[in-house]
$ cat start09.pdb   # PDB, C-alpha atoms, pLDDT in the B column
MODEL        1
ATOM      1  CA  MET F   1       0.000   0.000   0.000  1.00 34.00           C
ATOM      2  CA  VAL F   2       1.236   3.485  -0.752  1.00 34.00           C
ATOM      3  CA  VAL F   3       2.339   5.406   2.304  1.00 36.00           C
ATOM      4  CA  ASP F   4       0.080   8.382   1.588  1.00 44.00           C
ATOM      5  CA  ALA F   5      -3.649   7.909   1.198  1.00 42.00           C
ATOM      6  CA  ILE F   6      -4.782   7.915  -2.411  1.00 40.00           C
ATOM      7  CA  LYS F   7      -1.325   8.970  -3.595  1.00 45.00           C
ATOM      8  CA  ARG F   8      -1.648  12.583  -2.522  1.00 45.00           C
ATOM      9  CA  THR F   9       1.743  13.584  -3.919  1.00 41.00           C
ATOM     10  CA  ARG F  10       0.824  13.050  -7.577  1.00 42.00           C
ATOM     11  CA  GLY F  11       0.505  16.109  -9.787  1.00 45.00           C
ATOM     12  CA  LEU F  12      -3.240  16.701 -10.071  1.00 45.00           C
ATOM     13  CA  PRO F  13      -5.544  19.069 -11.970  1.00 47.00           C
ATOM     14  CA  VAL F  14      -7.149  19.816  -8.589  1.00 50.00           C
ATOM     15  CA  ASP F  15      -5.684  19.913  -5.102  1.00 53.00           C
ATOM     16  CA  LEU F  16      -6.788  16.407  -4.121  1.00 51.00           C
ATOM     17  CA  SER F  17      -5.033  16.611  -0.771  1.00 55.00           C
ATOM     18  CA  ALA F  18      -7.041  19.705   0.216  1.00 56.00           C
ATOM     19  CA  ALA F  19     -10.236  18.119  -1.084  1.00 54.00           C
ATOM     20  CA  LEU F  20      -9.581  14.984   0.939  1.00 54.00           C
ATOM     21  CA  ASP F  21      -9.063  17.013   4.088  1.00 55.00           C
ATOM     22  CA  ALA F  22     -12.244  19.000   3.473  1.00 56.00           C
ATOM     23  CA  SER F  23     -14.278  15.847   2.854  1.00 57.00           C
ATOM     24  CA  GLY F  24     -13.213  14.234   6.109  1.00 71.00           C
ATOM     25  CA  VAL F  25     -11.071  11.505   4.513  1.00 82.00           C
ATOM     26  CA  ILE F  26      -8.260  11.019   7.016  1.00 87.00           C
ATOM     27  CA  GLY F  27      -6.173   8.254   5.534  1.00 88.00           C
ATOM     28  CA  ALA F  28      -5.874   4.695   4.333  1.00 90.00           C
ATOM     29  CA  TRP F  29      -4.762   1.299   5.562  1.00 93.00           C
ATOM     30  CA  SER F  30      -3.791  -2.094   4.230  1.00 92.00           C
ATOM     31  CA  TRP F  31      -3.922  -5.484   5.941  1.00 91.00           C
ATOM     32  CA  SER F  32      -1.917  -8.590   5.108  1.00 90.00           C
ATOM     33  CA  PRO F  33      -3.335 -11.840   6.548  1.00 87.00           C
ATOM     34  CA  ARG F  34      -0.100 -13.586   5.606  1.00 86.00           C
ATOM     35  CA  SER F  35       2.126 -11.393   7.778  1.00 88.00           C
ATOM     36  CA  GLU F  36      -0.652 -10.362  10.176  1.00 88.00           C
ATOM     37  CA  ARG F  37       0.555  -6.807   9.826  1.00 93.00           C
ATOM     38  CA  CYS F  38      -1.209  -3.550   9.030  1.00 94.00           C
ATOM     39  CA  ILE F  39       0.270  -0.594   7.130  1.00 95.00           C
ATOM     40  CA  LEU F  40      -1.147   2.872   7.763  1.00 95.00           C
ATOM     41  CA  ASP F  41      -0.507   6.094   5.893  1.00 92.00           C
ATOM     42  CA  ALA F  42       0.443   9.200   7.894  1.00 91.00           C
ATOM     43  CA  GLY F  43      -3.136  10.353   8.528  1.00 91.00           C
ATOM     44  CA  ALA F  44      -4.353   6.947   9.619  1.00 93.00           C
ATOM     45  CA  ALA F  45      -1.250   6.359  11.755  1.00 95.00           C
ATOM     46  CA  GLU F  46      -1.818   9.605  13.638  1.00 94.00           C
ATOM     47  CA  VAL F  47      -5.510   8.948  14.344  1.00 95.00           C
ATOM     48  CA  LEU F  48      -5.521   5.172  14.868  1.00 96.00           C
ATOM     49  CA  ALA F  49      -2.085   4.564  16.381  1.00 95.00           C
ATOM     50  CA  GLY F  50      -1.327   8.000  17.818  1.00 94.00           C
ATOM     51  CA  ASP F  51       1.987   8.241  15.980  1.00 94.00           C
ATOM     52  CA  PRO F  52       2.315   9.484  12.364  1.00 93.00           C
ATOM     53  CA  GLY F  53       5.900   8.243  12.467  1.00 94.00           C
ATOM     54  CA  LEU F  54       4.543   4.699  12.093  1.00 96.00           C
ATOM     55  CA  ALA F  55       3.349   5.455   8.571  1.00 94.00           C
ATOM     56  CA  GLY F  56       4.441   2.950   5.963  1.00 93.00           C
ATOM     57  CA  ARG F  57       5.755   0.421   8.500  1.00 94.00           C
ATOM     58  CA  PRO F  58       4.174  -3.025   8.891  1.00 96.00           C
ATOM     59  CA  ILE F  59       2.836  -3.043  12.443  1.00 96.00           C
ATOM     60  CA  PRO F  60       0.727  -5.459  14.528  1.00 95.00           C
ATOM     61  CA  LEU F  61      -2.974  -4.728  14.756  1.00 92.00           C
ATOM     62  CA  GLU F  62      -2.600  -4.061  18.474  1.00 93.00           C
ATOM     63  CA  ILE F  63      -0.403  -1.062  17.699  1.00 95.00           C
ATOM     64  CA  ALA F  64      -2.527   0.023  14.738  1.00 95.00           C
ATOM     65  CA  ARG F  65      -5.534   0.123  17.079  1.00 93.00           C
ATOM     66  CA  SER F  66      -3.840   1.907  19.980  1.00 95.00           C
ATOM     67  CA  CYS F  67      -6.122   4.945  19.871  1.00 96.00           C
ATOM     68  CA  ILE F  68      -9.437   3.185  19.340  1.00 95.00           C
ATOM     69  CA  HIS F  69     -11.713   4.027  22.247  1.00 95.00           C
ATOM     70  CA  PRO F  70     -11.519   1.277  24.900  1.00 94.00           C
ATOM     71  CA  GLU F  71     -15.313   0.933  24.953  1.00 93.00           C
ATOM     72  CA  ASP F  72     -15.455   0.319  21.186  1.00 93.00           C
ATOM     73  CA  ARG F  73     -12.356  -1.846  20.769  1.00 92.00           C
ATOM     74  CA  PRO F  74     -13.815  -5.264  21.756  1.00 92.00           C
ATOM     75  CA  ALA F  75     -16.704  -5.000  19.274  1.00 91.00           C
ATOM     76  CA  LEU F  76     -14.364  -3.759  16.557  1.00 91.00           C
ATOM     77  CA  VAL F  77     -11.956  -6.655  17.085  1.00 91.00           C
ATOM     78  CA  ARG F  78     -14.785  -9.205  16.917  1.00 90.00           C
ATOM     79  CA  HIS F  79     -16.238  -7.621  13.808  1.00 91.00           C
ATOM     80  CA  PHE F  80     -12.873  -7.490  12.002  1.00 91.00           C
ATOM     81  CA  GLN F  81     -12.101 -11.105  12.881  1.00 89.00           C
ATOM     82  CA  ALA F  82     -15.501 -12.213  11.579  1.00 88.00           C
ATOM     83  CA  VAL F  83     -15.010 -10.375   8.281  1.00 88.00           C
ATOM     84  CA  CYS F  84     -11.492 -11.778   7.902  1.00 88.00           C
ATOM     85  CA  GLU F  85     -12.793 -15.316   8.280  1.00 85.00           C
ATOM     86  CA  ARG F  86     -15.131 -15.006   5.322  1.00 84.00           C
ATOM     87  CA  GLY F  87     -13.534 -12.107   3.423  1.00 86.00           C
ATOM     88  CA  GLY F  88     -15.447  -9.210   1.907  1.00 86.00           C
ATOM     89  CA  PRO F  89     -16.515  -5.666   2.812  1.00 87.00           C
ATOM     90  CA  PHE F  90     -15.460  -4.286   6.176  1.00 89.00           C
ATOM     91  CA  VAL F  91     -17.599  -1.405   7.479  1.00 88.00           C
ATOM     92  CA  ALA F  92     -17.216   0.047  10.950  1.00 91.00           C
ATOM     93  CA  GLU F  93     -17.993   3.207  12.856  1.00 91.00           C
ATOM     94  CA  TYR F  94     -16.206   3.759  16.136  1.00 94.00           C
ATOM     95  CA  ARG F  95     -14.574   6.329  18.355  1.00 94.00           C
ATOM     96  CA  THR F  96     -10.896   7.111  18.703  1.00 96.00           C
ATOM     97  CA  LEU F  97      -9.298   8.625  21.770  1.00 94.00           C
ATOM     98  CA  SER F  98      -6.112  10.589  21.173  1.00 93.00           C
ATOM     99  CA  PRO F  99      -3.273  10.773  23.723  1.00 90.00           C
ATOM    100  CA  SER F 100      -4.470  14.321  24.496  1.00 91.00           C
ATOM    101  CA  GLY F 101      -8.009  13.108  25.194  1.00 92.00           C
ATOM    102  CA  GLN F 102      -9.726  14.173  21.965  1.00 92.00           C
ATOM    103  CA  VAL F 103     -12.602  11.908  20.909  1.00 94.00           C
ATOM    104  CA  ARG F 104     -13.379  11.512  17.213  1.00 93.00           C
ATOM    105  CA  TRP F 105     -15.928   9.389  15.370  1.00 93.00           C
ATOM    106  CA  ILE F 106     -14.414   7.390  12.521  1.00 93.00           C
ATOM    107  CA  LEU F 107     -16.103   5.675   9.595  1.00 91.00           C
ATOM    108  CA  ASP F 108     -13.838   2.825   8.476  1.00 92.00           C
ATOM    109  CA  ARG F 109     -14.606   1.218   5.111  1.00 89.00           C
ATOM    110  CA  GLY F 110     -12.636  -1.337   3.164  1.00 89.00           C
ATOM    111  CA  ARG F 111     -12.406  -4.871   1.884  1.00 88.00           C
ATOM    112  CA  VAL F 112     -10.349  -7.692   3.351  1.00 88.00           C
ATOM    113  CA  PRO F 113      -9.477 -11.100   1.899  1.00 85.00           C
ATOM    114  CA  ALA F 114     -10.520 -14.310   3.594  1.00 82.00           C
ATOM    115  CA  SER F 115      -7.867 -15.638   5.965  1.00 75.00           C
ATOM    116  CA  ALA F 116      -7.262 -18.537   3.590  1.00 65.00           C
ATOM    117  CA  SER F 117      -6.311 -16.079   0.823  1.00 58.00           C
ATOM    118  CA  SER F 118      -3.082 -15.256   2.598  1.00 63.00           C
ATOM    119  CA  ARG F 119      -1.325 -13.807  -0.441  1.00 73.00           C
ATOM    120  CA  ARG F 120      -3.941 -11.119  -0.964  1.00 81.00           C
ATOM    121  CA  THR F 121      -4.012  -7.754   0.805  1.00 86.00           C
ATOM    122  CA  GLY F 122      -6.967  -5.833   2.168  1.00 89.00           C
ATOM    123  CA  HIS F 123      -7.364  -2.076   1.809  1.00 89.00           C
ATOM    124  CA  GLY F 124      -9.568   0.586   3.322  1.00 90.00           C
ATOM    125  CA  LEU F 125     -10.186   4.258   4.051  1.00 90.00           C
ATOM    126  CA  ILE F 126     -10.983   6.057   7.286  1.00 92.00           C
ATOM    127  CA  ILE F 127     -13.258   9.103   7.302  1.00 90.00           C
ATOM    128  CA  ASP F 128     -13.871  11.571  10.135  1.00 90.00           C
ATOM    129  CA  VAL F 129     -17.646  11.753  10.731  1.00 87.00           C
ATOM    130  CA  THR F 130     -17.514  13.514  14.099  1.00 86.00           C
ATOM    131  CA  ASP F 131     -19.529  16.512  12.912  1.00 79.00           C
ATOM    132  CA  SER F 132     -22.327  14.389  11.480  1.00 73.00           C
ATOM    133  CA  ARG F 133     -22.449  12.363  14.693  1.00 72.00           C
ATOM    134  CA  ARG F 134     -23.060  15.567  16.654  1.00 62.00           C
ATOM    135  CA  ASP F 135     -26.103  16.220  14.471  1.00 56.00           C
ATOM    136  CA  ALA F 136     -27.396  12.637  14.667  1.00 50.00           C
ATOM    137  CA  ASP F 137     -28.355  10.332  17.492  1.00 50.00           C
ATOM    138  CA  GLN F 138     -25.950  10.248  20.396  1.00 48.00           C
ATOM    139  CA  ASP F 139     -25.893   6.524  21.152  1.00 50.00           C
ATOM    140  CA  VAL F 140     -22.359   5.244  21.498  1.00 46.00           C
ATOM    141  CA  ALA F 141     -22.910   1.601  20.639  1.00 46.00           C
ATOM    142  CA  ALA F 142     -20.983   0.255  17.691  1.00 47.00           C
ATOM    143  CA  ARG F 143     -23.299  -0.750  14.866  1.00 49.00           C
ATOM    144  CA  ILE F 144     -23.175  -2.977  11.811  1.00 44.00           C
ATOM    145  CA  GLU F 145     -24.136  -1.471   8.504  1.00 49.00           C
ATOM    146  CA  PRO F 146     -26.332  -3.204   5.944  1.00 45.00           C
ATOM    147  CA  LEU F 147     -25.181  -2.702   2.382  1.00 47.00           C
ATOM    148  CA  ASP F 148     -26.747   0.218   0.546  1.00 66.00           C
ATOM    149  CA  ALA F 149     -25.970   1.855  -2.780  1.00 70.00           C
ATOM    150  CA  LEU F 150     -23.055   3.934  -1.498  1.00 72.00           C
ATOM    151  CA  SER F 151     -21.647   0.984   0.420  1.00 71.00           C
ATOM    152  CA  VAL F 152     -21.675  -1.228  -2.647  1.00 72.00           C
ATOM    153  CA  ALA F 153     -20.179   1.531  -4.813  1.00 78.00           C
ATOM    154  CA  ILE F 154     -17.235   2.209  -2.518  1.00 76.00           C
ATOM    155  CA  ASP F 155     -16.564  -1.511  -2.109  1.00 74.00           C
ATOM    156  CA  ARG F 156     -16.403  -1.905  -5.891  1.00 77.00           C
ATOM    157  CA  ALA F 157     -14.173   1.164  -6.228  1.00 79.00           C
ATOM    158  CA  ILE F 158     -11.725  -0.252  -3.668  1.00 77.00           C
ATOM    159  CA  GLU F 159     -11.708  -3.549  -5.558  1.00 74.00           C
ATOM    160  CA  CYS F 160     -10.963  -1.666  -8.775  1.00 79.00           C
ATOM    161  CA  ARG F 161      -8.138   0.273  -7.104  1.00 74.00           C
ATOM    162  CA  ASP F 162      -6.625  -2.980  -5.859  1.00 71.00           C
ATOM    163  CA  ALA F 163      -6.804  -4.462  -9.353  1.00 73.00           C
ATOM    164  CA  LEU F 164      -4.966  -1.462 -10.818  1.00 72.00           C
ATOM    165  CA  GLU F 165      -2.026  -1.641  -8.409  1.00 68.00           C
ATOM    166  CA  GLY F 166       0.125  -3.406 -10.981  1.00 69.00           C
ATOM    167  CA  VAL F 167      -0.953  -1.215 -13.907  1.00 74.00           C
ATOM    168  CA  ALA F 168       1.388   1.623 -14.819  1.00 74.00           C
ATOM    169  CA  ASP F 169      -1.347   4.049 -15.835  1.00 74.00           C
ATOM    170  CA  SER F 170      -1.458   7.085 -13.561  1.00 73.00           C
ATOM    171  CA  GLU F 171      -4.528   8.491 -15.304  1.00 78.00           C
ATOM    172  CA  LEU F 172      -6.596   5.401 -14.503  1.00 79.00           C
ATOM    173  CA  GLN F 173      -5.386   5.433 -10.914  1.00 73.00           C
ATOM    174  CA  LEU F 174      -6.238   9.127 -10.630  1.00 77.00           C
ATOM    175  CA  LEU F 175      -9.772   8.502 -11.861  1.00 81.00           C
ATOM    176  CA  ILE F 176     -10.299   5.790  -9.253  1.00 79.00           C
ATOM    177  CA  ASP F 177      -8.788   8.024  -6.558  1.00 75.00           C
ATOM    178  CA  MET F 178     -11.167  10.832  -7.441  1.00 77.00           C
ATOM    179  CA  LEU F 179     -14.110   8.419  -7.463  1.00 82.00           C
ATOM    180  CA  LEU F 180     -13.141   7.241  -3.970  1.00 77.00           C
ATOM    181  CA  LEU F 181     -12.896  10.866  -2.866  1.00 73.00           C
ATOM    182  CA  ARG F 182     -16.382  11.644  -4.155  1.00 76.00           C
ATOM    183  CA  LEU F 183     -17.867   8.514  -2.603  1.00 77.00           C
ATOM    184  CA  GLY F 184     -16.190   9.355   0.695  1.00 71.00           C
ATOM    185  CA  GLN F 185     -17.694  12.841   0.583  1.00 68.00           C
ATOM    186  CA  SER F 186     -21.168  11.430  -0.091  1.00 73.00           C
ATOM    187  CA  ILE F 187     -20.913   8.908   2.751  1.00 67.00           C
ATOM    188  CA  ALA F 188     -19.617  11.511   5.202  1.00 63.00           C
ATOM    189  CA  LYS F 189     -22.557  13.813   4.367  1.00 64.00           C
ATOM    190  CA  ALA F 190     -25.234  11.124   4.492  1.00 62.00           C
ATOM    191  CA  PRO F 191     -27.257  11.182   7.729  1.00 55.00           C
ATOM    192  CA  ALA F 192     -27.124   8.024   9.806  1.00 49.00           C
ATOM    193  CA  GLY F 193     -29.953   5.694   8.906  1.00 44.00           C
ATOM    194  CA  ASN F 194     -30.739   7.446   5.623  1.00 42.00           C
ATOM    195  CA  GLY F 195     -29.226   6.057   2.431  1.00 40.00           C
ATOM    196  CA  GLY F 196     -25.617   6.301   3.653  1.00 41.00           C
ATOM    197  CA  ARG F 197     -26.276   4.319   6.805  1.00 40.00           C
ATOM    198  CA  ARG F 198     -23.157   3.910   8.833  1.00 41.00           C
ATOM    199  CA  GLY F 199     -22.274   1.276  11.327  1.00 40.00           C
ATOM    200  CA  HIS F 200     -19.778  -1.055  12.835  1.00 38.00           C
TER     201      HIS F 200
ENDMDL
END
$ encode --input "start09.pdb" --output "structure tokens"
Amino acid sequence: MVVDAIKRTRGLPVDLSAALDASGVIGAWSWSPRSERCILDAGAAEVLAGDPGLAGRPIPLEIARSCIHPEDRPALVRHFQAVCERGGPFVAEYRTLSPSGQVRWILDRGRVPASASSRRTGHGLIIDVTDSRRDADQDVAARIEPLDALSVAIDRAIECRDALEGVADSELQLLIDMLLLRLGQSIAKAPAGNGGRRGH
């Protein structure tokens, strides 16, 4: 996985990095069942592990989850393990707790291979949905999301991005990156329980 989410350093016709920040997209992750290691980009490493210096380094899940809120961590671990057993879309919404005490709500979306497919790698994005949580219900229970149109679309886009990893065509990769950006914006704006239902 590239160290920076959605290859932010590429020359772009628009400032994709600024657009990502404005849309709430924080970063990206990859997961290798074979090595049982996770790789975070700088944004994800700062929010999930509390240390942007871990970006690009294969780290155990325990470290990659260091800043997940203690009340949400057990459910998240169970959910991730269940998805890894069968493979497929991973969708979660949970809180993070920074070393300074800041609480943020994170929407985590990706796709992971089944544990038996050890040579494949899973990928995902994390999106800050704290503001939309303030406007929605205030329950703190982790929830599981049924698939809806946006869920299916972003899952397919991540699959397409994975398939293009070995293709030396920056224009195709840029198009997929911009599609992921737009889908992330739509999901972040969607109210909970209405079209872009979020959960964990």
$ residues_around --input "start09.pdb" --residues "F:Gln173" --least-positions-apart "2" --cutoff "10 Å" --atoms "only C-alpha atoms" --output "ChimeraX atom specification"
/F:6-7,160-162,164-165,167-171,175-179
$ closest_residue --input "start09.pdb" --among "F:Ile158, F:Ile127, F:Val112, F:Leu97" --to "F:Ser32" --atoms "only C-alpha atoms"
F:Val112
$ residues_around --input "start09.pdb" --residues "stretch 36-43 of chain F" --least-positions-apart "2" --cutoff "9 Å" --atoms "only C-alpha atoms" --output "ChimeraX atom specification"
/F:1-5,25-34,45-49,51-61,64
$ atom_distance --input "start09.pdb" --atom1 "atom CA of F:Cys84" --atom2 "atom CA of F:Cys67"
21.3 Å
$ residues_near_point --input "start09.pdb" --point "(-13.4, -7.1, 10.6)" --cutoff "9 Å" --atoms "all atoms listed in the file" --output "JSON, numbers by chain"
{"F": [76, 77, 78, 79, 80, 81, 82, 83, 84, 85, 87, 89, 90, 91, 92, 112]}
$ write_last_selection --input "start09.pdb" --atoms "C-alpha atoms" --output "compact mmCIF listing (two decimals), in the frame of the given file"
# COMPACT_ATOMS: atom_id res chain seq x y z
CA LEU F 76 -14.36 -3.76 16.56
CA VAL F 77 -11.96 -6.66 17.08
CA ARG F 78 -14.78 -9.20 16.92
CA HIS F 79 -16.24 -7.62 13.81
CA PHE F 80 -12.87 -7.49 12.00
CA GLN F 81 -12.10 -11.10 12.88
CA ALA F 82 -15.50 -12.21 11.58
CA VAL F 83 -15.01 -10.38 8.28
CA CYS F 84 -11.49 -11.78 7.90
CA GLU F 85 -12.79 -15.32 8.28
CA GLY F 87 -13.53 -12.11 3.42
CA PRO F 89 -16.52 -5.67 2.81
CA PHE F 90 -15.46 -4.29 6.18
CA VAL F 91 -17.60 -1.40 7.48
CA ALA F 92 -17.22 0.05 10.95
CA VAL F 112 -10.35 -7.69 3.35
$ atom_distance --input "start09.pdb" --atom1 "atom CA of F:Ser132" --atom2 "atom CA of F:Gly110"
20.3 Å
$ atom_distance --input "start09.pdb" --atom1 "atom CA of F:Glu93" --atom2 "atom CA of F:Arg133"
10.3 Å
$ residues_around --input "start09.pdb" --residues "stretch 68-70 of chain F" --least-positions-apart "2" --cutoff "7 Å" --atoms "only C-alpha atoms" --output "count of residues only"
8
